[in-house]
Amino acid sequence: MANITKVELQKSIISLCELGWSERQIARELGVHRATVKRYVRDSKCTNPQTGKQGPVSACEPYRNQVAEWYESGLSIERIRHDLSVEHGFEGSYHSVYRFVQSLDVDTAKRIYRMECEPGQEAQIDYGTLYLPIGEDGRRKKVHILLVTLSHSRKAYVEAVLSQNTESFLRSLENAFRCFGGVPERLVPDNLKAAVIKGDWYEPELNPKLRDFAAHYGTAILPARPYTPTDKGKVEAGVKYVKNNALKGKRFGSLAEVNEHLRWWTANVADKRIHGTTKRQVGTHFEEAEKKALRALPDGLFPCFEEAPRRVHRDGYVELKGAYYHVPHEYAGKEVWARWDGTMVRAFNLKMERIAVHCRLPKGRYTEVLGVGGCPGNVPESLAGQRLKVIPLGEHAVRWADGLIASNKEGALRKLQGLLRFKGKYPRDRVNEAARKACIHGQYTLKELRLWIEDPQEQEVFSFLQQHELIRNPNTYDAVAATSGLFD
């Protein structure tokens, strides 16, 4: 019926054209787009009897095929007009090109090039997020579903995790490799933060830990281009399949139970299906064609460690988990990359060249300390050097520094450095006066000192309520009652 209607519509357009109707009138009368009328009139070479000839030929007509190719490839009207002018000496206006392009029957949708892979060549990776009822109370918990799909056979590994951090991501990939029994030549992840520090169409900046992971397993990382889901189209559909087929409407007692169910579902449902593209059973296709093409697994697992960027303090230290580690002084004020495990800390520059190695320290400890003149020395020498720098702030500031050292010798060095930073932020007289009041109340923290500088009235009330000699400690009354026998 649709074809008959189309034929009748075409005949009606031609008939009205031969009667002398304009294209605009025909389009309005028949309720069709003017471009449709123009196309049928042109193809039929209809002659208007009132003029005895066809309508005026566009100046773009000699370049029809070239214009159609340019327009279909995504070039703008202005760009087409410019290229016609430069390459063919075209003298027509923008509007003449615009009218001609509107008459073309071209598909302006962006073409998508389909890519199929050889066995063992590629695995695509993506996360899906959903909320599942987990636990006895049935409360919904946010769960991330990692899906790793081999592009040739569509064999997939699925794992539910609670975090998308780098360590979780890499351990899940290792689980996928062991499930497959080998490693594909390249991995195509999304631009998630665990894998890509800075996304880019041409040269994405990979997470250094992921680069080392790829080297360990002898594979390459080729992230999908930003905002281009077709780069990992095989896994995109798979995430929806897992959500709707494996997990929708299910309840679980724990995350381990979720993963147990996913393993069963993969083996008994996903691997048994006939894939719509390959027309083969997924599990059988993997075993027969792809498994043997995967690269061999290395002897050991990828080393387990944490890492993060750190900015080097002006004294040449980086802080890590409450401890302080020295790096070469030329990196002061710059960013370095720190890696640590249970026993060692390693620092790298941004080229991933190792610049320092230290044993792990407990909180509050330093690998080295800076003494007088910025040279390595012991704690008393370092404290003495920092105290000398406090003297220009005033005598009360020095007295506050002495009280700080006496109350907390191990942690005083950093606090003295914080005090010295007040010099450029507040007037010296105000800092000195605040130190005087803080000493009266026995307050030797930077937070309390800053309150005396910024809001002395509020701090005065607070200190009065906490420490004034007219307000007795409640424990005093317990002692009085005990000695007087009031409760006997």
# chains A, B, ... in the order shown; residues from 1 in each chain; ligands from 1
>>> select_by_dssp(residues="region 197-381 of chain A", states="helix (DSSP H, G or I)", output="NGL selection string")
:A and (208-217 or 229-247 or 255-270 or 282-293 or 329-331 or 372-374 or 379-381)
>>> atom_distance(atom1="CA of Pro456 (chain A)", atom2="CA of Gly394 (chain A)")
18.4 Å
>>> closest_residue(among="A:Ile453, A:Tyr94, A:Glu288, A:Tyr40", to="Ser15 (chain A)", atoms="only C-alpha atoms")
A:Tyr40
>>> closest_residue(among="A:His144, A:His88, A:Arg154, A:Arg360", to="Arg273 (chain A)", atoms="only C-alpha atoms")
A:Arg154
>>> residues_around(residues="Glu260 (chain A)", least_positions_apart="6", cutoff="12 Å", atoms="only C-alpha atoms", output="list in words")
Val158, Glu159, Ala160, Ala246, Leu247, Phe252, Gly253, Ser254, Thr266 and Ala267 of chain A
>>> write_last_selection(atoms="N, CA and C atoms", output="mmCIF file, in the first residue's frame")
data_model
loop_
_atom_site.group_PDB
_atom_site.id
_atom_site.type_symbol
_atom_site.label_atom_id
_atom_site.label_comp_id
_atom_site.auth_asym_id
_atom_site.auth_seq_id
_atom_site.Cartn_x
_atom_site.Cartn_y
_atom_site.Cartn_z
ATOM 1 N N VAL A 158 31.569 -10.720 34.120
ATOM 2 C CA VAL A 158 30.771 -9.732 34.847
ATOM 3 C C VAL A 158 31.119 -9.807 36.328
ATOM 4 N N GLU A 159 31.296 -8.643 36.947
ATOM 5 C CA GLU A 159 31.578 -8.601 38.387
ATOM 6 C C GLU A 159 30.922 -7.377 39.005
ATOM 7 N N ALA A 160 30.301 -7.570 40.156
ATOM 8 C CA ALA A 160 29.687 -6.468 40.903
ATOM 9 C C ALA A 160 30.665 -5.972 41.955
ATOM 10 N N ALA A 246 19.827 -10.270 33.933
ATOM 11 C CA ALA A 246 20.437 -10.981 35.063
ATOM 12 C C ALA A 246 20.011 -10.447 36.425
ATOM 13 N N LEU A 247 19.789 -9.135 36.536
ATOM 14 C CA LEU A 247 19.641 -8.537 37.865
ATOM 15 C C LEU A 247 18.286 -7.898 38.140
ATOM 16 N N PHE A 252 19.206 -9.830 47.015
ATOM 17 C CA PHE A 252 20.407 -10.575 47.402
ATOM 18 C C PHE A 252 20.730 -10.319 48.870
ATOM 19 N N GLY A 253 21.359 -11.324 49.484
ATOM 20 C CA GLY A 253 21.740 -11.183 50.877
ATOM 21 C C GLY A 253 23.045 -10.438 51.072
ATOM 22 N N SER A 254 23.934 -10.447 50.059
ATOM 23 C CA SER A 254 25.234 -9.797 50.180
ATOM 24 C C SER A 254 25.799 -9.567 48.782
ATOM 25 N N THR A 266 26.067 -16.120 33.826
ATOM 26 C CA THR A 266 26.976 -16.084 32.674
ATOM 27 C C THR A 266 27.131 -17.469 32.049
ATOM 28 N N ALA A 267 27.328 -18.480 32.901
ATOM 29 C CA ALA A 267 27.571 -19.833 32.397
ATOM 30 C C ALA A 267 26.313 -20.471 31.815
#
>>> residues_around(residues="Val32 (chain A)", least_positions_apart="6", cutoff="10 Å", atoms="only C-alpha atoms", output="PyMOL selection string")
chain A and resi 9+13+24+26
>>> write_last_selection(atoms="N, CA and C atoms", output="compact mmCIF listing (two decimals), in the first residue's frame")
# COMPACT_ATOMS: atom_id res chain seq x y z
N LEU A 9 1.28 9.49 -5.51
CA LEU A 9 1.74 10.82 -5.12
C LEU A 9 2.65 11.40 -6.18
N ILE A 13 2.03 14.86 -8.39
CA ILE A 13 2.98 15.97 -8.44
C ILE A 13 3.30 16.33 -9.89
N ARG A 24 5.66 25.31 -4.65
CA ARG A 24 5.09 25.69 -3.36
C ARG A 24 3.60 25.33 -3.30
N ILE A 26 2.02 23.03 -5.09
CA ILE A 26 1.86 21.57 -5.08
C ILE A 26 2.11 21.01 -3.68
>>> select_by_dssp(residues="region 216-399 of chain A", states="strand (DSSP E or B)", output="VMD selection string")
chain A and resid 220 to 221 252 274 281 295 306 to 311 317 to 320 323 to 326 335 to 340 344 to 348 354 to 359 366 369 to 370 376 to 377
>>> write_last_selection(atoms="N, CA and C atoms", output="compact mmCIF listing (two decimals), in the first residue's frame")
# COMPACT_ATOMS: atom_id res chain seq x y z
N ALA A 220 47.78 -3.81 25.46
CA ALA A 220 47.78 -2.37 25.18
C ALA A 220 46.45 -1.77 25.61
N ILE A 221 46.49 -0.50 26.00
CA ILE A 221 45.28 0.21 26.43
C ILE A 221 44.92 1.23 25.35
N PHE A 252 19.21 -9.83 47.02
CA PHE A 252 20.41 -10.57 47.40
C PHE A 252 20.73 -10.32 48.87
N ILE A 274 22.39 -17.65 21.47
CA ILE A 274 22.88 -17.46 20.11
C ILE A 274 22.97 -15.96 19.86
N GLN A 281 26.55 -19.77 19.18
CA GLN A 281 26.44 -19.81 20.63
C GLN A 281 27.71 -19.23 21.24
N ARG A 295 46.60 -14.28 24.68
CA ARG A 295 47.99 -14.36 25.13
C ARG A 295 48.06 -15.04 26.49
N GLU A 306 48.98 1.19 46.46
CA GLU A 306 48.15 2.38 46.26
C GLU A 306 49.03 3.48 45.69
N GLU A 307 48.39 4.46 45.06
CA GLU A 307 49.15 5.58 44.50
C GLU A 307 48.26 6.81 44.39
N ALA A 308 48.91 7.95 44.37
CA ALA A 308 48.18 9.22 44.25
C ALA A 308 49.19 10.34 44.01
N PRO A 309 48.76 11.42 43.37
CA PRO A 309 49.65 12.58 43.24
C PRO A 309 49.79 13.29 44.57
N ARG A 310 50.95 13.86 44.82
CA ARG A 310 51.22 14.61 46.05
C ARG A 310 52.03 15.85 45.70
N ARG A 311 51.72 16.95 46.36
CA ARG A 311 52.50 18.17 46.16
C ARG A 311 53.58 18.25 47.24
N TYR A 317 59.28 17.85 51.66
CA TYR A 317 58.61 16.65 52.13
C TYR A 317 57.26 16.49 51.44
N VAL A 318 56.83 15.24 51.32
CA VAL A 318 55.46 14.94 50.92
C VAL A 318 54.79 14.22 52.09
N GLU A 319 53.52 14.52 52.30
CA GLU A 319 52.78 13.89 53.39
C GLU A 319 52.00 12.71 52.84
N LEU A 320 52.06 11.59 53.56
CA LEU A 320 51.37 10.39 53.11
C LEU A 320 50.88 9.63 54.33
N ALA A 323 52.37 10.60 57.70
CA ALA A 323 53.82 10.59 57.85
C ALA A 323 54.44 11.43 56.73
N TYR A 324 55.73 11.76 56.90
CA TYR A 324 56.37 12.72 55.99
C TYR A 324 57.65 12.10 55.41
N TYR A 325 57.76 12.21 54.08
CA TYR A 325 58.84 11.56 53.35
C TYR A 325 59.59 12.58 52.51
N HIS A 326 60.92 12.53 52.61
CA HIS A 326 61.77 13.51 51.95
C HIS A 326 62.01 13.13 50.50
N GLU A 335 54.49 18.92 41.92
CA GLU A 335 53.70 17.71 42.12
C GLU A 335 54.52 16.48 41.75
N VAL A 336 54.44 15.45 42.57
CA VAL A 336 55.10 14.17 42.29
C VAL A 336 54.05 13.08 42.40
N TRP A 337 54.44 11.88 42.00
CA TRP A 337 53.54 10.73 42.07
C TRP A 337 54.05 9.76 43.12
N ALA A 338 53.22 9.46 44.12
CA ALA A 338 53.61 8.58 45.22
C ALA A 338 52.94 7.22 45.10
N ARG A 339 53.72 6.18 45.37
CA ARG A 339 53.19 4.81 45.41
C ARG A 339 53.60 4.18 46.74
N TRP A 340 52.67 3.46 47.35
CA TRP A 340 53.00 2.87 48.65
C TRP A 340 52.24 1.56 48.84
N MET A 344 56.79 -0.12 51.91
CA MET A 344 57.64 0.83 51.21
C MET A 344 56.83 1.99 50.62
N VAL A 345 57.53 3.13 50.48
CA VAL A 345 56.97 4.30 49.80
C VAL A 345 57.95 4.70 48.71
N ARG A 346 57.45 4.88 47.50
CA ARG A 346 58.28 5.30 46.37
C ARG A 346 57.70 6.57 45.77
N ALA A 347 58.58 7.50 45.43
CA ALA A 347 58.16 8.76 44.82
C ALA A 347 58.72 8.85 43.41
N PHE A 348 57.91 9.34 42.48
CA PHE A 348 58.29 9.47 41.08
C PHE A 348 58.00 10.89 40.61
N ARG A 354 61.83 7.31 39.04
CA ARG A 354 61.86 7.22 40.51
C ARG A 354 62.86 8.21 41.08
N ILE A 355 62.42 8.97 42.09
CA ILE A 355 63.28 9.99 42.69
C ILE A 355 63.56 9.73 44.17
N ALA A 356 62.80 8.85 44.83
CA ALA A 356 63.06 8.57 46.24
C ALA A 356 62.39 7.26 46.63
N VAL A 357 63.00 6.54 47.60
CA VAL A 357 62.44 5.30 48.15
C VAL A 357 62.62 5.35 49.66
N HIS A 358 61.55 5.06 50.41
CA HIS A 358 61.61 5.08 51.87
C HIS A 358 60.81 3.91 52.43
N CYS A 359 61.16 3.50 53.65
CA CYS A 359 60.34 2.55 54.39
C CYS A 359 59.11 3.27 54.94
N TYR A 366 59.03 11.51 60.50
CA TYR A 366 59.69 12.06 59.33
C TYR A 366 60.86 11.16 58.93
N VAL A 369 64.68 15.35 59.01
CA VAL A 369 64.15 16.64 59.44
C VAL A 369 65.12 17.72 59.01
N LEU A 370 64.61 18.90 58.80
CA LEU A 370 65.45 20.00 58.38
C LEU A 370 65.93 20.78 59.58
N PRO A 376 69.75 18.94 56.75
CA PRO A 376 69.24 17.86 57.58
C PRO A 376 69.84 17.91 58.98
N GLY A 377 69.02 17.76 60.00
CA GLY A 377 69.50 17.77 61.36
C GLY A 377 68.51 17.05 62.26
>>> atom_distance(atom1="CA of Leu75 (chain A)", atom2="CA of Asp43 (chain A)")
25.5 Å
>>> closest_residue(among="A:Val148, A:Leu350, A:Val183, A:Leu449", to="Val242 (chain A)", atoms="only C-alpha atoms")
A:Val148
>>> residues_around(residues="Tyr157 (chain A)", least_positions_apart="4", cutoff="7 Å", atoms="only C-alpha atoms", output="ChimeraX atom specification")
/A:147-149,176
>>> write_last_selection(atoms="N, CA and C atoms", output="PDB file, in the first residue's frame")
ATOM      1  N   LEU A 147      31.749  -4.944  33.211  1.00  0.00           N
ATOM      2  CA  LEU A 147      31.573  -5.922  32.145  1.00  0.00           C
ATOM      3  C   LEU A 147      32.774  -5.863  31.210  1.00  0.00           C
ATOM      4  N   VAL A 148      33.423  -7.006  30.997  1.00  0.00           N
ATOM      5  CA  VAL A 148      34.549  -7.134  30.069  1.00  0.00           C
ATOM      6  C   VAL A 148      34.108  -8.099  28.973  1.00  0.00           C
ATOM      7  N   THR A 149      34.002  -7.610  27.737  1.00  0.00           N
ATOM      8  CA  THR A 149      33.485  -8.405  26.628  1.00  0.00           C
ATOM      9  C   THR A 149      34.552  -8.587  25.557  1.00  0.00           C
ATOM     10  N   ALA A 176      38.933 -11.184  35.283  1.00  0.00           N
ATOM     11  CA  ALA A 176      38.440 -11.463  33.930  1.00  0.00           C
ATOM     12  C   ALA A 176      39.462 -12.262  33.129  1.00  0.00           C
TER      13      ALA A 176
END
>>> closest_residue(among="A:Gln121, A:Asn432, A:Asn207, A:Thr343", to="Phe169 (chain A)", atoms="only C-alpha atoms")
A:Asn207
>>> residues_around(residues="Thr129 (chain A)", least_positions_apart="5", cutoff="10 Å", atoms="only C-alpha atoms", output="PyMOL selection string")
chain A and resi 142-146+160-162+239+243
>>> closest_residue(among="A:Gly333, A:Pro427, A:Gly316, A:Gly249", to="Arg140 (chain A)", atoms="only C-alpha atoms")
A:Gly249
>>> closest_residue(among="A:Val327, A:Leu210, A:Leu192, A:Leu19", to="Val312 (chain A)", atoms="only C-alpha atoms")
A:Val327
>>> decode(residues="region 168-204 of chain A", atoms="N, CA and C atoms", output="PDB file, in the first residue's frame")
ATOM      1  N   SER A 168      40.317  -1.458  42.573  1.00  0.00           N
ATOM      2  CA  SER A 168      39.181  -2.336  42.313  1.00  0.00           C
ATOM      3  C   SER A 168      39.080  -2.665  40.829  1.00  0.00           C
ATOM      4  N   PHE A 169      39.309  -1.671  39.983  1.00  0.00           N
ATOM      5  CA  PHE A 169      39.232  -1.859  38.539  1.00  0.00           C
ATOM      6  C   PHE A 169      40.265  -2.883  38.057  1.00  0.00           C
ATOM      7  N   LEU A 170      41.509  -2.749  38.521  1.00  0.00           N
ATOM      8  CA  LEU A 170      42.568  -3.651  38.072  1.00  0.00           C
ATOM      9  C   LEU A 170      42.360  -5.069  38.590  1.00  0.00           C
ATOM     10  N   ARG A 171      41.904  -5.204  39.825  1.00  0.00           N
ATOM     11  CA  ARG A 171      41.693  -6.553  40.360  1.00  0.00           C
ATOM     12  C   ARG A 171      40.547  -7.248  39.612  1.00  0.00           C
ATOM     13  N   SER A 172      39.537  -6.486  39.211  1.00  0.00           N
ATOM     14  CA  SER A 172      38.448  -7.076  38.429  1.00  0.00           C
ATOM     15  C   SER A 172      38.940  -7.501  37.054  1.00  0.00           C
ATOM     16  N   LEU A 173      39.829  -6.709  36.446  1.00  0.00           N
ATOM     17  CA  LEU A 173      40.400  -7.100  35.157  1.00  0.00           C
ATOM     18  C   LEU A 173      41.207  -8.389  35.291  1.00  0.00           C
ATOM     19  N   GLU A 174      41.968  -8.506  36.378  1.00  0.00           N
ATOM     20  CA  GLU A 174      42.724  -9.750  36.606  1.00  0.00           C
ATOM     21  C   GLU A 174      41.785 -10.945  36.723  1.00  0.00           C
ATOM     22  N   ASN A 175      40.661 -10.746  37.409  1.00  0.00           N
ATOM     23  CA  ASN A 175      39.677 -11.826  37.522  1.00  0.00           C
ATOM     24  C   ASN A 175      39.133 -12.204  36.143  1.00  0.00           C
ATOM     25  N   ALA A 176      38.933 -11.184  35.283  1.00  0.00           N
ATOM     26  CA  ALA A 176      38.440 -11.463  33.930  1.00  0.00           C
ATOM     27  C   ALA A 176      39.462 -12.262  33.129  1.00  0.00           C
ATOM     28  N   PHE A 177      40.737 -11.898  33.224  1.00  0.00           N
ATOM     29  CA  PHE A 177      41.779 -12.625  32.488  1.00  0.00           C
ATOM     30  C   PHE A 177      41.827 -14.088  32.916  1.00  0.00           C
ATOM     31  N   ARG A 178      41.690 -14.329  34.190  1.00  0.00           N
ATOM     32  CA  ARG A 178      41.738 -15.699  34.679  1.00  0.00           C
ATOM     33  C   ARG A 178      40.474 -16.465  34.312  1.00  0.00           C
ATOM     34  N   CYS A 179      39.381 -15.765  34.210  1.00  0.00           N
ATOM     35  CA  CYS A 179      38.149 -16.410  33.735  1.00  0.00           C
ATOM     36  C   CYS A 179      38.293 -16.816  32.269  1.00  0.00           C
ATOM     37  N   PHE A 180      38.892 -15.940  31.459  1.00  0.00           N
ATOM     38  CA  PHE A 180      39.096 -16.237  30.044  1.00  0.00           C
ATOM     39  C   PHE A 180      40.225 -17.242  29.824  1.00  0.00           C
ATOM     40  N   GLY A 181      41.163 -17.292  30.771  1.00  0.00           N
ATOM     41  CA  GLY A 181      42.326 -18.154  30.593  1.00  0.00           C
ATOM     42  C   GLY A 181      43.416 -17.521  29.753  1.00  0.00           C
ATOM     43  N   GLY A 182      43.380 -16.209  29.576  1.00  0.00           N
ATOM     44  CA  GLY A 182      44.392 -15.520  28.784  1.00  0.00           C
ATOM     45  C   GLY A 182      44.097 -14.035  28.706  1.00  0.00           C
ATOM     46  N   VAL A 183      44.927 -13.332  27.934  1.00  0.00           N
ATOM     47  CA  VAL A 183      44.863 -11.872  27.868  1.00  0.00           C
ATOM     48  C   VAL A 183      44.679 -11.442  26.408  1.00  0.00           C
ATOM     49  N   PRO A 184      43.728 -10.553  26.103  1.00  0.00           N
ATOM     50  CA  PRO A 184      43.585 -10.044  24.733  1.00  0.00           C
ATOM     51  C   PRO A 184      44.701  -9.064  24.395  1.00  0.00           C
ATOM     52  N   GLU A 185      44.882  -8.797  23.092  1.00  0.00           N
ATOM     53  CA  GLU A 185      45.953  -7.905  22.644  1.00  0.00           C
ATOM     54  C   GLU A 185      45.749  -6.469  23.118  1.00  0.00           C
ATOM     55  N   ARG A 186      44.531  -6.021  23.159  1.00  0.00           N
ATOM     56  CA  ARG A 186      44.271  -4.638  23.595  1.00  0.00           C
ATOM     57  C   ARG A 186      42.981  -4.573  24.402  1.00  0.00           C
ATOM     58  N   LEU A 187      42.919  -3.557  25.270  1.00  0.00           N
ATOM     59  CA  LEU A 187      41.744  -3.297  26.093  1.00  0.00           C
ATOM     60  C   LEU A 187      41.179  -1.935  25.705  1.00  0.00           C
ATOM     61  N   VAL A 188      39.858  -1.861  25.595  1.00  0.00           N
ATOM     62  CA  VAL A 188      39.205  -0.602  25.230  1.00  0.00           C
ATOM     63  C   VAL A 188      38.272  -0.209  26.373  1.00  0.00           C
ATOM     64  N   PRO A 189      38.792   0.539  27.376  1.00  0.00           N
ATOM     65  CA  PRO A 189      37.929   0.983  28.476  1.00  0.00           C
ATOM     66  C   PRO A 189      37.261   2.303  28.140  1.00  0.00           C
ATOM     67  N   ASP A 190      36.271   2.653  28.952  1.00  0.00           N
ATOM     68  CA  ASP A 190      35.677   3.976  28.872  1.00  0.00           C
ATOM     69  C   ASP A 190      36.647   4.959  29.521  1.00  0.00           C
ATOM     70  N   ASN A 191      36.332   6.253  29.466  1.00  0.00           N
ATOM     71  CA  ASN A 191      37.218   7.260  30.051  1.00  0.00           C
ATOM     72  C   ASN A 191      36.936   7.446  31.546  1.00  0.00           C
ATOM     73  N   LEU A 192      36.836   6.351  32.294  1.00  0.00           N
ATOM     74  CA  LEU A 192      36.625   6.435  33.727  1.00  0.00           C
ATOM     75  C   LEU A 192      37.902   6.896  34.421  1.00  0.00           C
ATOM     76  N   LYS A 193      37.764   7.521  35.582  1.00  0.00           N
ATOM     77  CA  LYS A 193      38.915   8.098  36.271  1.00  0.00           C
ATOM     78  C   LYS A 193      39.917   7.035  36.699  1.00  0.00           C
ATOM     79  N   ALA A 194      39.461   5.827  36.936  1.00  0.00           N
ATOM     80  CA  ALA A 194      40.381   4.764  37.344  1.00  0.00           C
ATOM     81  C   ALA A 194      41.347   4.396  36.232  1.00  0.00           C
ATOM     82  N   ALA A 195      41.004   4.732  34.982  1.00  0.00           N
ATOM     83  CA  ALA A 195      41.846   4.348  33.853  1.00  0.00           C
ATOM     84  C   ALA A 195      42.491   5.529  33.155  1.00  0.00           C
ATOM     85  N   VAL A 196      41.775   6.636  33.038  1.00  0.00           N
ATOM     86  CA  VAL A 196      42.237   7.773  32.238  1.00  0.00           C
ATOM     87  C   VAL A 196      42.243   9.027  33.097  1.00  0.00           C
ATOM     88  N   ILE A 197      43.420   9.659  33.213  1.00  0.00           N
ATOM     89  CA  ILE A 197      43.530  10.896  33.983  1.00  0.00           C
ATOM     90  C   ILE A 197      42.927  12.057  33.210  1.00  0.00           C
ATOM     91  N   LYS A 198      43.225  12.128  31.916  1.00  0.00           N
ATOM     92  CA  LYS A 198      42.719  13.201  31.072  1.00  0.00           C
ATOM     93  C   LYS A 198      42.317  12.622  29.727  1.00  0.00           C
ATOM     94  N   GLY A 199      41.017  12.690  29.430  1.00  0.00           N
ATOM     95  CA  GLY A 199      40.524  12.156  28.174  1.00  0.00           C
ATOM     96  C   GLY A 199      40.890  13.056  27.003  1.00  0.00           C
ATOM     97  N   ASP A 200      41.187  12.445  25.874  1.00  0.00           N
ATOM     98  CA  ASP A 200      41.530  13.188  24.669  1.00  0.00           C
ATOM     99  C   ASP A 200      41.260  12.289  23.469  1.00  0.00           C
ATOM    100  N   TRP A 201      40.787  12.884  22.369  1.00  0.00           N
ATOM    101  CA  TRP A 201      40.482  12.095  21.181  1.00  0.00           C
ATOM    102  C   TRP A 201      41.722  11.407  20.624  1.00  0.00           C
ATOM    103  N   TYR A 202      42.858  12.082  20.695  1.00  0.00           N
ATOM    104  CA  TYR A 202      44.037  11.597  19.990  1.00  0.00           C
ATOM    105  C   TYR A 202      45.117  11.048  20.931  1.00  0.00           C
ATOM    106  N   GLU A 203      45.280  11.648  22.126  1.00  0.00           N
ATOM    107  CA  GLU A 203      46.364  11.220  23.012  1.00  0.00           C
ATOM    108  C   GLU A 203      45.887  11.286  24.463  1.00  0.00           C
ATOM    109  N   PRO A 204      45.055  10.327  24.890  1.00  0.00           N
ATOM    110  CA  PRO A 204      44.575  10.338  26.275  1.00  0.00           C
ATOM    111  C   PRO A 204      45.717  10.087  27.254  1.00  0.00           C
TER     112      PRO A 204
END
